[in-house]
Each structure stands twice: as structure tokens, then as C-alpha cells.
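One file, model-v3.tsv, is given below (TSV, C-alpha atoms).
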```
chain	number	residue	atom	x	y	z
E	1	MET	CA	0.00	0.00	0.00
E	2	ALA	CA	1.38	3.42	-0.91
E	3	VAL	CA	2.19	5.87	1.89
E	4	PRO	CA	0.33	9.15	1.57
E	5	PRO	CA	2.56	12.17	0.71
E	6	ALA	CA	1.20	14.13	3.68
E	7	PHE	CA	2.39	11.45	6.09
E	8	CYS	CA	5.89	11.54	4.61
E	9	ARG	CA	6.04	15.31	5.00
E	10	LEU	CA	4.92	15.03	8.64
E	11	HIS	CA	7.55	12.37	9.36
E	12	ARG	CA	10.30	14.54	7.82
E	13	GLU	CA	9.15	17.56	9.86
E	14	GLN	CA	9.17	15.55	13.10
E	15	ARG	CA	12.66	14.28	12.37
E	16	GLY	CA	13.77	17.87	11.76
E	17	GLN	CA	12.26	19.00	15.07
E	18	VAL	CA	13.93	16.17	16.98
E	19	PHE	CA	17.26	17.03	15.39
E	20	ALA	CA	16.86	20.68	16.37
E	21	ILE	CA	15.99	19.72	19.96
E	22	VAL	CA	18.99	17.39	20.14
E	23	VAL	CA	21.28	20.18	18.90
E	24	VAL	CA	19.90	22.57	21.53
E	25	LEU	CA	20.27	19.97	24.29
E	26	ILE	CA	23.84	19.23	23.27
E	27	ALA	CA	24.61	22.94	23.41
E	28	VAL	CA	22.95	23.32	26.82
E	29	PHE	CA	24.61	20.28	28.36
E	30	GLY	CA	27.90	21.20	26.76
E	31	GLY	CA	27.65	24.67	28.24
E	32	MET	CA	26.77	23.29	31.66
E	33	THR	CA	29.72	20.92	31.46
E	34	ALA	CA	32.02	23.75	30.44
E	35	VAL	CA	30.80	25.91	33.34
E	36	ALA	CA	31.21	22.98	35.75
E	37	ILE	CA	34.77	22.39	34.57
E	38	ASP	CA	35.68	26.06	34.95
E	39	LEU	CA	34.02	26.35	38.36
E	40	GLY	CA	35.67	23.14	39.48
E	41	SER	CA	39.12	24.34	38.47
E	42	PHE	CA	38.46	27.69	40.18
E	43	SER	CA	37.40	25.95	43.41
E	44	ALA	CA	40.40	23.62	43.27
E	45	ASP	CA	42.72	26.60	42.78
E	46	ARG	CA	41.17	28.38	45.75
E	47	ARG	CA	41.47	25.23	47.91
E	48	ASP	CA	45.15	24.86	46.98
E	49	LEU	CA	45.67	28.54	47.75
E	50	GLN	CA	44.01	28.16	51.18
E	51	ASN	CA	46.20	25.17	52.02
E	52	ALA	CA	49.24	27.19	51.02
E	53	ALA	CA	48.14	30.18	53.12
E	54	ASP	CA	47.65	27.93	56.15
E	55	ALA	CA	51.08	26.32	55.72
E	56	ILE	CA	52.84	29.66	55.19
E	57	ALA	CA	51.18	31.27	58.22
E	58	LEU	CA	52.05	28.34	60.50
E	59	ALA	CA	55.65	28.24	59.28
E	60	ALA	CA	56.13	32.00	59.63
E	61	SER	CA	54.56	32.12	63.11
E	62	GLN	CA	57.25	29.80	64.44
E	63	ASP	CA	59.73	32.66	64.07
E	64	LEU	CA	57.60	35.15	65.99
E	65	PRO	CA	58.03	37.59	67.65
E	66	ASN	CA	60.89	38.44	65.28
E	67	SER	CA	59.13	40.20	62.41
E	68	ALA	CA	62.04	40.03	59.94
E	69	THR	CA	62.60	36.29	60.31
E	70	ALA	CA	58.86	35.64	60.16
E	71	GLN	CA	58.68	37.57	56.89
E	72	ALA	CA	61.66	35.64	55.54
E	73	ALA	CA	60.11	32.32	56.54
E	74	ALA	CA	56.86	33.30	54.82
E	75	THR	CA	58.73	34.04	51.58
E	76	GLN	CA	60.63	30.76	51.80
E	77	TRP	CA	57.46	28.75	52.37
E	78	ALA	CA	55.62	30.60	49.62
E	79	ILE	CA	58.25	29.48	47.13
E	80	HIS	CA	58.11	25.98	48.63
E	81	ASN	CA	54.35	25.93	47.94
E	82	ASP	CA	54.72	27.26	44.37
E	83	ILE	CA	53.39	30.69	45.33
E	84	ASP	CA	54.88	33.79	43.76
E	85	PRO	CA	55.90	36.05	46.68
E	86	ALA	CA	54.54	38.96	44.63
E	87	ASP	CA	51.06	37.44	45.10
E	88	MET	CA	51.45	37.46	48.89
E	89	THR	CA	50.98	40.06	51.61
E	90	VAL	CA	52.40	39.27	55.06
E	91	THR	CA	51.41	41.32	58.11
E	92	VAL	CA	53.06	40.75	61.49
E	93	ILE	CA	51.00	41.93	64.47
E	94	PRO	CA	53.16	42.20	67.61
E	95	GLN	CA	52.07	41.23	71.09
E	96	SER	CA	50.37	44.17	72.84
E	97	LEU	CA	48.89	43.38	76.23
E	98	PRO	CA	46.08	43.18	77.08
E	99	SER	CA	44.42	43.56	73.67
E	100	GLU	CA	46.85	41.27	71.79
E	101	PRO	CA	48.07	38.53	74.15
E	102	ASN	CA	50.01	36.78	71.38
E	103	PRO	CA	52.03	37.86	68.33
E	104	LYS	CA	50.32	37.05	65.02
E	105	VAL	CA	51.24	36.68	61.40
E	106	ARG	CA	48.56	37.17	58.76
E	107	VAL	CA	49.09	35.87	55.23
E	108	ALA	CA	46.91	36.99	52.30
E	109	LEU	CA	47.30	35.39	48.87
E	110	GLU	CA	45.69	36.57	45.64
E	111	ARG	CA	46.36	35.64	42.05
E	112	SER	CA	44.61	35.47	38.70
E	113	HIS	CA	42.82	32.28	37.68
E	114	SER	CA	42.44	31.70	33.94
E	115	PHE	CA	39.26	30.13	32.54
E	116	THR	CA	39.07	27.79	29.58
E	117	PHE	CA	35.46	27.65	28.44
E	118	ALA	CA	34.16	30.88	29.96
E	119	ARG	CA	36.28	32.71	27.40
E	120	LEU	CA	33.51	31.92	24.90
E	121	ILE	CA	31.27	34.39	26.74
E	122	GLY	CA	34.01	36.95	27.30
E	123	ILE	CA	35.22	35.92	30.81
E	124	THR	CA	38.91	35.17	30.57
E	125	SER	CA	40.01	35.21	34.24
E	126	ALA	CA	39.05	36.06	37.81
E	127	ALA	CA	40.94	36.81	41.00
E	128	VAL	CA	41.18	33.96	43.50
E	129	GLY	CA	42.31	34.60	47.07
E	130	ALA	CA	42.82	33.03	50.47
E	131	SER	CA	44.06	34.19	53.87
E	132	ALA	CA	45.21	32.68	57.14
E	133	THR	CA	46.33	34.01	60.52
E	134	ALA	CA	48.47	32.10	62.99
E	135	ILE	CA	49.66	32.96	66.49
E	136	LYS	CA	52.58	31.92	68.61
E	137	THR	CA	51.51	31.35	72.19
E	138	SER	CA	52.39	29.66	75.43
E	139	PRO	CA	50.17	26.89	76.77
E	140	GLY	CA	47.77	28.32	79.32
E	141	GLY	CA	46.01	25.10	80.20
E	142	SER	CA	46.08	21.43	79.36
E	143	GLU	CA	44.96	17.94	80.24
E	144	GLY	CA	46.90	14.74	79.59
E	145	LEU	CA	49.52	15.84	82.14
E	146	VAL	CA	51.82	13.56	84.11
E	147	PRO	CA	51.63	14.00	87.91
E	148	TRP	CA	55.15	15.33	88.35
E	149	SER	CA	56.37	18.91	88.51
E	150	VAL	CA	59.27	21.09	87.49
E	151	LEU	CA	60.48	23.81	89.78
E	152	GLU	CA	60.73	27.24	88.18
E	153	ALA	CA	64.32	27.60	89.39
E	154	ALA	CA	65.27	24.29	87.76
E	155	LYS	CA	63.60	25.28	84.50
E	156	ASP	CA	65.24	28.72	84.48
E	157	ALA	CA	68.67	27.22	85.12
E	158	ALA	CA	68.34	24.58	82.42
E	159	THR	CA	68.87	24.83	78.69
E	160	PRO	CA	66.82	23.08	76.01
E	161	GLY	CA	67.80	19.45	75.64
E	162	LEU	CA	69.27	19.27	79.14
E	163	SER	CA	68.26	16.49	81.52
E	164	VAL	CA	66.14	17.79	84.40
E	165	VAL	CA	64.70	16.14	87.51
E	166	LEU	CA	60.92	15.63	87.30
E	167	LYS	CA	60.63	13.63	90.51
E	168	TYR	CA	63.24	13.60	93.24
E	169	ASP	CA	64.59	10.70	95.26
E	170	ALA	CA	65.45	10.78	98.96
E	171	GLN	CA	67.46	13.96	98.38
E	172	ASN	CA	64.21	15.91	97.89
E	173	PRO	CA	64.44	19.68	98.39
E	174	GLN	CA	61.45	19.85	100.78
E	175	ASN	CA	60.61	17.55	103.66
E	176	GLY	CA	58.01	14.99	102.61
E	177	ASN	CA	57.68	16.09	98.99
E	178	PHE	CA	59.50	14.59	96.03
E	179	GLY	CA	57.87	16.42	93.12
E	180	ALA	CA	54.71	14.33	92.71
E	181	ILE	CA	51.39	16.21	92.53
E	182	ARG	CA	47.70	15.27	92.74
E	183	ILE	CA	46.08	16.16	89.41
E	184	ASP	CA	43.29	13.57	89.20
E	185	GLY	CA	43.10	12.91	92.95
E	186	ASN	CA	45.10	11.39	95.77
E	187	GLY	CA	46.24	7.85	96.38
E	188	SER	CA	48.87	5.60	94.85
E	189	ASN	CA	46.55	3.95	92.28
E	190	VAL	CA	45.34	7.31	90.93
E	191	TYR	CA	48.92	8.56	90.84
E	192	ARG	CA	50.12	5.47	88.92
E	193	GLU	CA	47.27	5.63	86.40
E	194	THR	CA	47.88	9.33	85.80
E	195	ILE	CA	51.52	8.56	85.02
E	196	GLU	CA	50.49	5.82	82.60
E	197	TYR	CA	47.70	7.55	80.70
E	198	GLY	CA	48.01	11.25	81.49
E	199	SER	CA	45.52	13.25	83.51
E	200	ASP	CA	41.79	13.35	82.80
E	201	SER	CA	41.62	16.70	84.56
E	202	GLY	CA	43.02	19.88	83.09
E	203	LEU	CA	45.03	22.59	84.80
E	204	CYS	CA	45.29	26.28	84.01
E	205	ALA	CA	48.39	28.40	84.42
E	206	VAL	CA	48.90	32.01	85.40
E	207	ILE	CA	49.42	33.02	81.79
E	208	ALA	CA	46.04	31.73	80.57
E	209	PRO	CA	43.52	34.48	79.74
E	210	ASP	CA	40.81	31.84	79.27
E	211	CYS	CA	41.10	30.86	82.93
E	212	SER	CA	39.69	33.19	85.57
E	213	ASP	CA	42.39	32.16	88.06
E	214	PRO	CA	45.52	30.00	87.90
E	215	ASP	CA	44.97	26.53	89.26
E	216	GLN	CA	46.47	25.38	92.48
E	217	VAL	CA	47.26	21.70	92.77
E	218	GLN	CA	48.00	19.67	95.86
E	219	THR	CA	51.34	17.96	96.27
E	220	GLU	CA	51.49	14.18	96.75
E	221	PRO	CA	53.81	13.52	99.71
E	222	GLY	CA	55.99	10.45	99.86
E	223	ASN	CA	58.54	8.83	97.60
E	224	MET	CA	55.83	6.70	95.90
E	225	THR	CA	58.49	4.27	94.69
E	226	GLY	CA	56.18	1.40	93.62
E	227	PRO	CA	53.57	3.32	91.60
E	228	THR	CA	56.27	5.60	90.14
E	229	ARG	CA	58.18	2.58	88.85
E	230	GLN	CA	55.03	0.88	87.54
E	231	GLY	CA	53.79	3.99	85.73
E	232	THR	CA	57.20	4.85	84.28
E	233	ASP	CA	57.82	1.26	83.14
E	234	TYR	CA	54.42	1.30	81.43
E	235	ARG	CA	55.25	4.43	79.43
E	236	ILE	CA	58.70	3.25	78.43
E	237	GLY	CA	57.63	-0.35	77.76
E	238	ASN	CA	54.65	0.62	75.59
E	239	THR	CA	56.38	3.28	73.53
E	240	ASP	CA	56.59	2.65	69.80
E	241	PRO	CA	60.11	1.24	69.13
E	242	ALA	CA	60.51	3.87	66.41
E	243	CYS	CA	60.04	6.63	69.02
E	244	ASP	CA	62.04	5.40	72.00
E	245	THR	CA	65.16	7.56	71.71
E	246	TRP	CA	65.67	11.33	71.82
E	247	GLY	CA	67.06	11.33	68.27
E	248	GLU	CA	64.02	9.49	66.95
E	249	VAL	CA	61.56	11.86	68.63
E	250	VAL	CA	63.18	15.29	68.44
E	251	VAL	CA	64.64	17.14	65.48
E	252	VAL	CA	66.56	20.41	65.87
E	253	ASN	CA	65.37	22.99	63.35
E	254	ALA	CA	67.54	25.54	61.60
E	255	ASN	CA	66.42	28.24	64.06
E	256	GLY	CA	67.64	26.13	66.99
E	257	LEU	CA	64.16	25.20	68.19
E	258	HIS	CA	63.12	21.61	68.62
E	259	GLY	CA	60.40	19.94	66.64
E	260	LEU	CA	58.68	16.63	67.13
E	261	ARG	CA	59.01	14.25	64.21
E	262	SER	CA	55.54	13.75	62.78
E	263	GLU	CA	55.74	9.98	63.23
E	264	CYS	CA	56.45	10.48	66.95
E	265	ASN	CA	54.05	13.33	67.74
E	266	PRO	CA	51.28	12.04	70.03
E	267	PHE	CA	49.32	15.31	70.12
E	268	VAL	CA	48.28	16.09	66.55
E	269	PRO	CA	45.26	14.45	64.86
E	270	GLY	CA	46.42	11.19	63.35
E	271	GLY	CA	49.64	11.32	65.38
E	272	ASN	CA	51.35	8.45	67.11
E	273	SER	CA	49.46	7.77	70.35
E	274	ASN	CA	52.14	5.25	71.32
E	275	SER	CA	54.84	7.88	71.49
E	276	LEU	CA	54.48	7.80	75.27
E	277	ARG	CA	57.85	9.28	76.19
E	278	VAL	CA	56.73	12.75	75.10
E	279	ILE	CA	55.06	14.23	78.17
E	280	ILE	CA	53.64	17.52	79.47
E	281	VAL	CA	54.67	18.57	82.99
E	282	PRO	CA	53.34	21.49	85.10
E	283	VAL	CA	55.83	24.08	86.31
E	284	ILE	CA	55.45	25.30	89.91
E	285	PRO	CA	57.27	27.96	91.99
E	286	GLY	CA	58.48	25.52	94.65
E	287	LEU	CA	57.63	22.61	96.90
E	288	CYS	CA	56.51	22.73	100.48
E	289	SER	CA	56.09	20.46	103.49
E	290	GLY	CA	53.30	17.89	103.50
E	291	ALA	CA	50.20	17.86	101.30
E	292	CYS	CA	50.06	21.56	100.48
E	293	TYR	CA	48.83	23.59	97.50
E	294	VAL	CA	51.15	24.99	94.85
E	295	THR	CA	50.34	27.27	91.91
E	296	VAL	CA	50.78	26.14	88.31
E	297	THR	CA	52.67	28.90	86.50
E	298	GLU	CA	53.25	27.28	83.10
E	299	PHE	CA	53.82	23.95	81.35
E	300	ALA	CA	56.88	22.30	79.89
E	301	LEU	CA	57.34	19.61	77.27
E	302	PHE	CA	59.74	16.75	78.00
E	303	TYR	CA	61.19	13.57	76.58
E	304	LEU	CA	61.00	11.01	79.40
E	305	GLU	CA	64.52	9.66	79.90
E	306	GLY	CA	63.68	7.34	82.80
E	307	TYR	CA	65.35	6.76	86.15
E	308	GLY	CA	68.35	8.41	87.71
E	309	ASP	CA	71.53	6.50	88.54
E	310	GLY	CA	69.98	4.61	91.46
E	311	GLY	CA	67.02	3.17	89.53
E	312	CYS	CA	63.70	3.06	91.35
E	313	THR	CA	63.97	0.93	94.48
E	314	GLY	CA	63.91	1.80	98.15
E	315	ASN	CA	64.65	5.48	98.68
E	316	ASP	CA	66.05	5.86	95.17
E	317	CYS	CA	63.40	6.79	92.61
E	318	GLU	CA	64.51	9.81	90.66
E	319	ILE	CA	62.78	10.50	87.33
E	320	ARG	CA	64.50	12.58	84.68
E	321	GLY	CA	63.42	14.16	81.40
E	322	ARG	CA	64.98	16.32	78.71
E	323	PHE	CA	63.55	19.73	77.90
E	324	ILE	CA	61.97	20.03	74.46
E	325	ASP	CA	62.08	23.67	73.35
E	326	SER	CA	59.30	23.32	70.86
E	327	ASN	CA	56.55	25.13	68.97
E	328	THR	CA	54.55	21.93	68.99
E	329	ASN	CA	50.77	22.24	69.11
E	330	TYR	CA	49.79	19.75	71.79
E	331	GLY	CA	46.14	20.63	72.15
E	332	ALA	CA	46.69	23.05	75.00
E	333	VAL	CA	44.48	26.00	75.87
E	334	MET	CA	45.82	29.16	74.31
E	335	GLY	CA	47.60	31.33	76.85
E	336	THR	CA	49.65	34.52	76.71
E	337	PHE	CA	52.95	34.43	74.84
E	338	ASP	CA	55.85	34.22	77.28
E	339	PRO	CA	59.26	34.52	75.59
E	340	ASP	CA	61.03	33.11	78.65
E	341	THR	CA	59.29	29.74	78.70
E	342	TYR	CA	60.50	26.71	76.75
E	343	ALA	CA	57.11	25.47	75.59
E	344	HIS	CA	55.37	27.37	72.82
E	345	PHE	CA	53.00	26.31	70.13
E	346	VAL	CA	51.64	27.82	66.95
E	347	ARG	CA	48.00	27.68	65.97
E	348	LEU	CA	45.76	28.92	63.18
E	349	VAL	CA	43.17	31.36	64.53
E	350	GLU	CA	41.65	32.61	61.27
```
Full structure transcribed into C-alpha cells:
Amino acid sequence: MAVPPAFCRLHREQRGQVFAIVVVLIAVFGGMTAVAIDLGSFSADRRDLQNAADAIALAASQDLPNSATAQAAATQWAIHNDIDPADMTVTVIPQSLPSEPNPKVRVALERSHSFTFARLIGITSAAVGASATAIKTSPGGSEGLVPWSVLEAAKDAATPGLSVVLKYDAQNPQNGNFGAIRIDGNGSNVYRETIEYGSDSGLCAVIAPDCSDPDQVQTEPGNMTGPTRQGTDYRIGNTDPACDTWGEVVVVNANGLHGLRSECNPFVPGGNSNSLRVIIVPVIPGLCSGACYVTVTEFALFYLEGYGDGGCTGNDCEIRGRFIDSNTNYGAVMGTFDPDTYAHFVRLVE
């Protein structure tokens, strides 16, 4: 049977309409894809720029409060992160009490981002920017402390890397006290567990603006030989073998400050929780007689060396650690920058 001519014309017209619709859809979807590609590359560029700004600010803040060295470090790290220093503005804000408790370094990055497909509609490029601000501060409060103490006089007389007494033996400087303190409570079991796992309770120091008053902590009288040995042996025995020497844990940076090797840093997210010989110890003005209260003035970071020459038996149970003069961020409460303390950390605040 012959097909009517009108039907053929209608079929040809429908095919033409479908073709036109397909062409339009291809153009629309192609345009959407082009826009998505350009927006994706713009977002990726901004993300990379933000990561660079964060890294540059943190690196530069380690050299605070020296403005010149902070600026130089920012330039060095900009180049390291493939950033043209001409695209960077670095502002150092000095410490100014009470309004600025800590020195800051602010890094602003801005550069031109070129588009590929947006050029078809006359948009060739756009500015992409990122900024970050980091501070250098002293720890004003912390938990995860070990229940020993460092006397201010001992800290002031020591130099970074030097071995210092954290708990005394029978030659204690005050009658009845050997350097142990009650952070999580009293008693030998609490004391031993606090050595092993660090304190559940936090303490605040004099230099902490976030604390209304500095904390006072009670001393733990007695030599506490048994629980001291048990707690110390636990920390040393359960330390990752790759982090059980000073050289494996601590690296000396070009500026003379210490740093914790990333694989032995127990404080950062994703860090090594089995690096148990890195400890935080409260600093106090002095000991006293009996179970008395002492004020926490600051905190110090140590590598736990272990026992003194006499081991830990009888009246001999001296514990020693080496000062780590570090900018390590160990999760402490931000305090007020104190240039005379050994423990500092840097932190992004914007």
C-alpha cells in the first residue's frame, strides 16, 4: 500500500524537530559541562591557595616575635608551595597586652585564575584569594599531664635538651615532697594511672587568659616508689620502638628550636598515640612540706629519659626528662605568649 505524501512530510518535519531539539540539548549540556569544569578548576585553585596560606602562616609564626625572620620564613614557604611572593601580603602583628596577648602573622594570597570555556562568553580570568592568621603562644592550660612537677628555678637554670629532675629521690628539696602532685586525685593507684595515661583533669596556668584564676594543685607527699616505677615502666615499655630515643623523637630545626618528628608526635590528629615518652609537665614555683597547695605557673614539654643512677627501688626513685624547646601544638588551651618559657605552640586562629 502506498504511503500518503502528507504522512511523509509530517515524518520529515518531526525528524527535523527532533534534530533541532537534540542540537539545543547538546549545546545546553555542553555549556553546563564547560561551566562545571571552569568552576571546578576555580574551586580547586582556591582550595590549593588556602592550604598554602595555612602552611605559610604556620611556618612564619614559628619565628615570631621576630618580624624580619617571620617575613623571611613566609617568603621561603611561599616558594616551597609554588606561590609567587609577589602574590602574597604578610602582616606581622606584635604582642600588645592586654588587647593582643600573642604575636600574630597574617598571610593573604591573591592571584589570577584563567578560565578555559568561559572565554567563549568573554570571561577570561578572575581573582582567587585566600588568607590565614596564625599565632605563637604559650600553653595556658592542658589535660593529659603527668603528675610530676618542674620547679621554676630548675627550669630557668636549664637549657633546652638538658636532663632535668621531674621527681626527686630521697634527696628531695622539701621535707616529705619529692615532686609528685595530685592532678586527678590522691592515692597511689590514681597517681600510677595518671603517670600511665596522662591526667583526665586539666590545669590552668597564670598566663592563661581563658582561665579566671591560675589553678592550684596539691602535692602528693611520699617517695611513691612502687607506683612511680610501675607507671614509668608502662610508658617506656609501651612506647613505639621507632620513638624510643631522643634522636628518633626530636629534630633540631635551623632556628635552633626543637620539633617533634611527625611519626612520633602524640598530640596532633592522626599522630602516634604510642609515642608515650613525650610528656607535658606542670611548672610550679616551689615545693613545700606535707600535702600543700602549689600554683601552676606554666607547662613544659619533655622527653621522658627514665630513672636516675639509682634506679627506682627503696629510697632511690629519681625521674628525669629532657627539655623540648618546641613550637609543637599539643592541644593546649591558648595562653599569653611568654618569651622566657621553653614550651610554645603555633595555631591557626583565622
Using all atoms listed in the file, give me every residue within 10 Å of (42.6, 30.7, 38.9) in file coordinates, as a ChimeraX atom specification. /E:38-39,41-46,49,110-115,125-129
Those selected residues, please, written with C-alpha atoms and delivered as a PDB file, keeping the file's coordinate frame.
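Okay, part.pdb is ready:
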```pdb
ATOM      1  CA  ASP E  38      35.680  26.060  34.950  1.00  0.00           C
ATOM      2  CA  LEU E  39      34.020  26.350  38.360  1.00  0.00           C
ATOM      3  CA  SER E  41      39.120  24.340  38.470  1.00  0.00           C
ATOM      4  CA  PHE E  42      38.460  27.690  40.180  1.00  0.00           C
ATOM      5  CA  SER E  43      37.400  25.950  43.410  1.00  0.00           C
ATOM      6  CA  ALA E  44      40.400  23.620  43.270  1.00  0.00           C
ATOM      7  CA  ASP E  45      42.720  26.600  42.780  1.00  0.00           C
ATOM      8  CA  ARG E  46      41.170  28.380  45.750  1.00  0.00           C
ATOM      9  CA  LEU E  49      45.670  28.540  47.750  1.00  0.00           C
ATOM     10  CA  GLU E 110      45.690  36.570  45.640  1.00  0.00           C
ATOM     11  CA  ARG E 111      46.360  35.640  42.050  1.00  0.00           C
ATOM     12  CA  SER E 112      44.610  35.470  38.700  1.00  0.00           C
ATOM     13  CA  HIS E 113      42.820  32.280  37.680  1.00  0.00           C
ATOM     14  CA  SER E 114      42.440  31.700  33.940  1.00  0.00           C
ATOM     15  CA  PHE E 115      39.260  30.130  32.540  1.00  0.00           C
ATOM     16  CA  SER E 125      40.010  35.210  34.240  1.00  0.00           C
ATOM     17  CA  ALA E 126      39.050  36.060  37.810  1.00  0.00           C
ATOM     18  CA  ALA E 127      40.940  36.810  41.000  1.00  0.00           C
ATOM     19  CA  VAL E 128      41.180  33.960  43.500  1.00  0.00           C
ATOM     20  CA  GLY E 129      42.310  34.600  47.070  1.00  0.00           C
TER      21      GLY E 129
END
```
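Nearest-residue note for E:Tyr307: choosing from E:Val165, E:Ala78, E:Val278, E:Val146, the minimum distance belongs to E:Val165, counting all atoms listed in the file.
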Atom CA of E:Leu166 and atom CA of E:Glu196, how far apart in Å? 15.1 Å
Any idea what's packed within 8 Å of E:Pro101, counting all atoms listed in the file, ignoring anything in its chain fewer than 4 positions away? Could you give it as a list in words?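 That gives Gln95, Ser96, Leu97, Gly335, Thr336 and Phe337 of chain E.
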Go ahead and find all residues with at least one atom no further than 8 Å from (69.2, 12.6, 80.0) in the file's coordinates, using all atoms listed in the file; report them as a PDB file with C-alpha atoms, keeping the file's coordinate frame.
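Okay, this is what ended up in selection.pdb:
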```pdb
ATOM      1  CA  LEU E 162      69.270  19.270  79.140  1.00  0.00           C
ATOM      2  CA  SER E 163      68.260  16.490  81.520  1.00  0.00           C
ATOM      3  CA  VAL E 164      66.140  17.790  84.400  1.00  0.00           C
ATOM      4  CA  GLU E 305      64.520   9.660  79.900  1.00  0.00           C
ATOM      5  CA  ARG E 320      64.500  12.580  84.680  1.00  0.00           C
ATOM      6  CA  GLY E 321      63.420  14.160  81.400  1.00  0.00           C
ATOM      7  CA  ARG E 322      64.980  16.320  78.710  1.00  0.00           C
TER       8      ARG E 322
END
```
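Our summary of the geometry notes that atom CA of E:Gly237 is positioned 13.0 Å from atom CA of E:Ile195.
By chain and then residue number, the residues within 12 Å of E:Asn177 are Trp148, Ser149, Lys167, Tyr168, Asp169, Ala170, Gln171, Gln218, Thr219, Glu220, Pro221, Gly222, Asn223, Met224, Gly286, Leu287, Cys288, Ser289, Gly290, Ala291, Cys292, Tyr293 and Val294 of chain E, counting all atoms listed in the file and disregarding those fewer than 6 positions away in sequence.
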Give me, please, the distance in Å between atom CA of E:Ala72 and atom CA of E:Val90, quoted to one decimal. 10.0 Å
Find the spatial neighbours of E:Arg261, counting only C-alpha atoms, within a cut-off of 10 Å - ignore same-chain residues fewer than 2 positions away - and output them as a PyMOL selection string. chain E and resi 243+247-252+258-259+263-266+271
Out of E:Ala343, E:Ile93, E:Val333, E:Ala57, which residue has the shortest atom-to-atom distance to E:Pro209 when counting all atoms listed in the file?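 Comparing E:Ala343, E:Ile93, E:Val333, E:Ala57 against E:Pro209, the winner is E:Val333.
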Taking all atoms listed in the file into account, which of E:Asp340, E:Asp82, E:Glu350, E:Glu100 comes nearest E:Asp54?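 Closest to E:Asp54, using all atoms listed in the file: E:Glu350.
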Residues near E:Ile79, cut-off 12 Å, all atoms listed in the file, skip fewer than 6 positions along chain, as number ranges by chain: E: 52-53, 55-56, 72-73, 85-88
Restricting the calculation to all atoms listed in the file: of E:Val150, E:Ile236, E:Val190, E:Ala130, which residue gets closest to E:Gln50?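 For E:Gln50, the nearest of the given residues is E:Ala130.
In this comparison, which uses all atoms listed in the file, the residue of E:Leu276, E:Ile181, E:Val268, E:Leu348 approaching E:Val105 most closely is E:Leu348.
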Contact table stretch 308-345 of chain E vs stretch 228-231 of chain E, cut-off 10 Å, shortest pair per residue, only C-alpha atoms, as JSON lines:
```
{"residue": "E:Gly311", "atom": "CA", "partner": "E:Arg229", "partner_atom": "CA", "distance": 8.9}
{"residue": "E:Cys312", "atom": "CA", "partner": "E:Arg229", "partner_atom": "CA", "distance": 6.1}
{"residue": "E:Thr313", "atom": "CA", "partner": "E:Arg229", "partner_atom": "CA", "distance": 8.2}
{"residue": "E:Cys317", "atom": "CA", "partner": "E:Thr228", "partner_atom": "CA", "distance": 7.6}
{"residue": "E:Glu318", "atom": "CA", "partner": "E:Thr228", "partner_atom": "CA", "distance": 9.3}
{"residue": "E:Ile319", "atom": "CA", "partner": "E:Thr228", "partner_atom": "CA", "distance": 8.6}
```
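Using only C-alpha atoms, the shortest contact distance between E:Pro65 and any of E:Ile324, E:Val217, E:Val92, E:Leu257 is found at E:Val92.
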